[in-house]
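J.: Quick one, run_1.txt (compact mmCIF, N, CA and C atoms):
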```txt
# COMPACT_ATOMS: atom_id res chain seq x y z
N MET F 1 -24.33 7.21 12.20
CA MET F 1 -24.97 6.55 13.32
C MET F 1 -26.44 6.96 13.40
N SER F 2 -27.17 6.19 14.15
CA SER F 2 -28.60 6.44 14.29
C SER F 2 -28.85 7.68 15.14
N LEU F 3 -29.91 8.37 14.80
CA LEU F 3 -30.39 9.46 15.63
C LEU F 3 -31.74 9.04 16.15
N LEU F 4 -31.80 8.71 17.42
CA LEU F 4 -33.03 8.21 18.02
C LEU F 4 -33.75 9.35 18.72
N VAL F 5 -34.72 9.92 18.04
CA VAL F 5 -35.48 11.02 18.57
C VAL F 5 -36.86 10.48 18.96
N ASN F 6 -37.22 10.67 20.22
CA ASN F 6 -38.51 10.21 20.71
C ASN F 6 -38.74 8.72 20.46
N SER F 7 -37.69 7.92 20.53
CA SER F 7 -37.81 6.48 20.36
C SER F 7 -37.79 5.80 21.71
N SER F 8 -38.66 4.83 21.84
CA SER F 8 -38.61 4.02 23.05
C SER F 8 -38.73 2.57 22.62
N PHE F 9 -38.07 1.72 23.36
CA PHE F 9 -38.03 0.31 23.05
C PHE F 9 -38.51 -0.48 24.25
N SER F 10 -39.35 -1.47 23.98
CA SER F 10 -39.83 -2.35 25.05
C SER F 10 -38.73 -3.34 25.39
N PRO F 11 -38.87 -4.02 26.52
CA PRO F 11 -37.90 -5.07 26.85
C PRO F 11 -37.82 -6.14 25.75
N GLU F 12 -38.95 -6.43 25.11
CA GLU F 12 -38.96 -7.42 24.03
C GLU F 12 -38.16 -6.92 22.82
N ASP F 13 -38.31 -5.63 22.50
CA ASP F 13 -37.53 -5.02 21.42
C ASP F 13 -36.04 -5.16 21.71
N LEU F 14 -35.67 -4.83 22.93
CA LEU F 14 -34.25 -4.89 23.31
C LEU F 14 -33.73 -6.31 23.27
N ASP F 15 -34.56 -7.28 23.64
CA ASP F 15 -34.16 -8.69 23.55
C ASP F 15 -33.86 -9.09 22.11
N VAL F 16 -34.73 -8.66 21.18
CA VAL F 16 -34.52 -8.96 19.76
C VAL F 16 -33.22 -8.33 19.28
N LEU F 17 -33.04 -7.05 19.58
CA LEU F 17 -31.83 -6.35 19.16
C LEU F 17 -30.58 -7.00 19.73
N ARG F 18 -30.59 -7.28 21.01
CA ARG F 18 -29.40 -7.84 21.66
C ARG F 18 -29.09 -9.24 21.17
N SER F 19 -30.12 -10.08 21.00
CA SER F 19 -29.85 -11.45 20.57
C SER F 19 -29.31 -11.48 19.14
N ALA F 20 -29.85 -10.63 18.26
CA ALA F 20 -29.33 -10.58 16.89
C ALA F 20 -27.89 -10.06 16.88
N LEU F 21 -27.62 -9.03 17.66
CA LEU F 21 -26.26 -8.49 17.72
C LEU F 21 -25.29 -9.49 18.33
N ASP F 22 -25.70 -10.17 19.39
CA ASP F 22 -24.85 -11.21 19.99
C ASP F 22 -24.52 -12.29 18.97
N ASP F 23 -25.52 -12.75 18.23
CA ASP F 23 -25.30 -13.80 17.23
C ASP F 23 -24.37 -13.31 16.13
N TRP F 24 -24.59 -12.08 15.66
CA TRP F 24 -23.76 -11.50 14.60
C TRP F 24 -22.30 -11.42 15.06
N CYS F 25 -22.09 -10.94 16.27
CA CYS F 25 -20.73 -10.83 16.81
C CYS F 25 -20.10 -12.22 16.98
N ALA F 26 -20.85 -13.17 17.48
CA ALA F 26 -20.32 -14.52 17.68
C ALA F 26 -19.92 -15.16 16.35
N GLU F 27 -20.73 -14.98 15.33
CA GLU F 27 -20.41 -15.53 14.00
C GLU F 27 -19.10 -14.98 13.47
N ARG F 28 -18.81 -13.73 13.78
CA ARG F 28 -17.62 -13.07 13.27
C ARG F 28 -16.47 -13.03 14.27
N ARG F 29 -16.71 -13.62 15.44
CA ARG F 29 -15.72 -13.63 16.51
C ARG F 29 -15.27 -12.20 16.85
N ILE F 30 -16.28 -11.33 17.01
CA ILE F 30 -16.04 -9.92 17.32
C ILE F 30 -16.49 -9.67 18.76
N ASP F 31 -15.67 -8.99 19.52
CA ASP F 31 -16.02 -8.62 20.90
C ASP F 31 -17.17 -7.63 20.88
N ILE F 32 -18.17 -7.88 21.70
CA ILE F 32 -19.36 -7.03 21.76
C ILE F 32 -19.03 -5.59 22.14
N THR F 33 -17.88 -5.37 22.77
CA THR F 33 -17.49 -4.02 23.17
C THR F 33 -16.61 -3.31 22.14
N SER F 34 -16.36 -3.95 21.01
CA SER F 34 -15.48 -3.37 20.00
C SER F 34 -16.18 -2.25 19.23
N VAL F 35 -15.38 -1.45 18.55
CA VAL F 35 -15.91 -0.38 17.71
C VAL F 35 -16.78 -0.97 16.59
N GLU F 36 -16.34 -2.08 16.01
CA GLU F 36 -17.12 -2.71 14.94
C GLU F 36 -18.50 -3.15 15.46
N ALA F 37 -18.55 -3.67 16.68
CA ALA F 37 -19.83 -4.06 17.27
C ALA F 37 -20.71 -2.83 17.53
N GLN F 38 -20.09 -1.71 17.89
CA GLN F 38 -20.86 -0.48 18.09
C GLN F 38 -21.50 -0.02 16.78
N PHE F 39 -20.75 -0.09 15.68
CA PHE F 39 -21.32 0.25 14.38
C PHE F 39 -22.44 -0.72 14.02
N ALA F 40 -22.24 -2.01 14.32
CA ALA F 40 -23.27 -3.00 14.04
C ALA F 40 -24.52 -2.73 14.87
N ALA F 41 -24.35 -2.31 16.11
CA ALA F 41 -25.49 -2.00 16.97
C ALA F 41 -26.28 -0.82 16.40
N SER F 42 -25.58 0.19 15.93
CA SER F 42 -26.24 1.33 15.31
C SER F 42 -27.01 0.90 14.06
N THR F 43 -26.39 0.06 13.26
CA THR F 43 -27.05 -0.46 12.07
C THR F 43 -28.25 -1.30 12.45
N ALA F 44 -28.12 -2.11 13.49
CA ALA F 44 -29.23 -2.95 13.95
C ALA F 44 -30.42 -2.09 14.37
N LEU F 45 -30.16 -0.99 15.05
CA LEU F 45 -31.24 -0.08 15.43
C LEU F 45 -31.95 0.48 14.20
N ASP F 46 -31.17 0.90 13.23
CA ASP F 46 -31.75 1.43 11.99
C ASP F 46 -32.60 0.37 11.29
N LEU F 47 -32.06 -0.83 11.18
CA LEU F 47 -32.78 -1.91 10.51
C LEU F 47 -34.05 -2.29 11.27
N TYR F 48 -33.95 -2.33 12.59
CA TYR F 48 -35.11 -2.66 13.42
C TYR F 48 -36.22 -1.65 13.18
N GLN F 49 -35.88 -0.38 13.17
CA GLN F 49 -36.86 0.67 12.96
C GLN F 49 -37.41 0.64 11.53
N ALA F 50 -36.66 0.04 10.60
CA ALA F 50 -37.11 -0.08 9.22
C ALA F 50 -38.00 -1.30 9.01
N GLY F 51 -38.23 -2.09 10.07
CA GLY F 51 -39.16 -3.20 9.95
C GLY F 51 -38.58 -4.59 10.13
N TYR F 52 -37.28 -4.69 10.32
CA TYR F 52 -36.67 -5.99 10.58
C TYR F 52 -36.83 -6.28 12.07
N ASP F 53 -38.02 -6.71 12.45
CA ASP F 53 -38.40 -6.71 13.86
C ASP F 53 -38.44 -8.07 14.54
N SER F 54 -37.78 -9.06 13.94
CA SER F 54 -37.59 -10.33 14.63
C SER F 54 -36.10 -10.63 14.63
N ARG F 55 -35.65 -11.48 15.54
CA ARG F 55 -34.23 -11.81 15.61
C ARG F 55 -33.75 -12.37 14.28
N GLU F 56 -34.55 -13.25 13.68
CA GLU F 56 -34.15 -13.88 12.42
C GLU F 56 -34.03 -12.86 11.29
N LYS F 57 -35.05 -12.01 11.14
CA LYS F 57 -35.01 -10.99 10.09
C LYS F 57 -33.85 -10.03 10.30
N LEU F 58 -33.67 -9.61 11.54
CA LEU F 58 -32.62 -8.65 11.85
C LEU F 58 -31.24 -9.24 11.63
N LEU F 59 -31.03 -10.46 12.08
CA LEU F 59 -29.73 -11.12 11.88
C LEU F 59 -29.44 -11.29 10.40
N HIS F 60 -30.43 -11.71 9.64
CA HIS F 60 -30.24 -11.87 8.20
C HIS F 60 -29.87 -10.53 7.56
N ALA F 61 -30.57 -9.46 7.94
CA ALA F 61 -30.28 -8.13 7.40
C ALA F 61 -28.88 -7.66 7.80
N LEU F 62 -28.48 -7.93 9.04
CA LEU F 62 -27.13 -7.56 9.47
C LEU F 62 -26.07 -8.31 8.67
N ARG F 63 -26.33 -9.58 8.40
CA ARG F 63 -25.38 -10.37 7.61
C ARG F 63 -25.20 -9.77 6.22
N ASP F 64 -26.29 -9.27 5.65
CA ASP F 64 -26.26 -8.74 4.28
C ASP F 64 -25.80 -7.30 4.21
N HIS F 65 -25.82 -6.60 5.34
CA HIS F 65 -25.50 -5.17 5.37
C HIS F 65 -24.01 -4.99 5.56
N ARG F 66 -23.45 -4.02 4.86
CA ARG F 66 -22.03 -3.69 5.06
C ARG F 66 -21.90 -2.83 6.29
N ILE F 67 -21.19 -3.31 7.29
CA ILE F 67 -20.96 -2.57 8.53
C ILE F 67 -19.69 -1.76 8.37
N ALA F 68 -19.77 -0.47 8.66
CA ALA F 68 -18.65 0.45 8.47
C ALA F 68 -17.41 0.03 9.23
```
Starting from the file, give its structure as structure tokens.

T.:
Amino acid sequence: MSLLVNSSFSPEDLDVLRSALDDWCAERRIDITSVEAQFAASTALDLYQAGYDSREKLLHALRDHRIA
């Protein structure tokens, strides 16, 4: 899982993260509160910090990434 040390996210950052995660979960018919969604959220944070900073880029990266 991600270790967020001294990280802060703007409301816009959170909107990007949440919309990509919502779309990813909807595509897979996964409940947003499930363990799999929690792993995807952690992965989304890592990817976002690695530069996938738009909903489209992040969603594409989540689709290609193996979620534990």

J.: Give me every alpha helix (DSSP H) residue in chain F, going by DSSP on the backbone, as JSON, numbers by chain.

T.: {"F": [11, 12, 13, 14, 15, 16, 17, 18, 19, 20, 21, 22, 23, 24, 25, 26, 27, 28, 35, 36, 37, 38, 39, 40, 41, 42, 43, 44, 45, 46, 47, 48, 49, 55, 56, 57, 58, 59, 60, 61, 62, 63, 64]}

J.: What does the distance between atom CA of Phe9 of chain F and atom CA of Cys25 of chain F come to in Å, to one decimal place?

T.: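 Separation between atom CA of Phe9 of chain F and atom CA of Cys25 of chain F: 21.5 Å.
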
J.: I want to know what sits within 6 Å of segment 60-67 of chain F, based on all atoms listed in the file, with residues of the same chain fewer than 2 positions away left out; could you give that as JSON, numbers by chain?

T.: {"F": [39, 40, 55, 56, 57, 58]}

J.: Report, in Å with one decimal, the straight-line distance from atom CA of Asp53 of chain F to atom CA of Arg29 of chain F.

T.: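 Between these atoms lies a distance of 23.9 Å.
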
J.: Between atom CA of Ala44 of chain F and atom C of Leu59 of chain F, what is the spacing in Å?

T.: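 Calculated distance between atom C of Leu59 of chain F and atom CA of Ala44 of chain F is 9.1 Å.
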
J.: Quick one: residues within 12 Å of (-21.7, -6.4, 18.8) (file frame), counting only C-alpha atoms, please, as a PyMOL selection string.

T.: chain F and resi 17-45+59+62+67
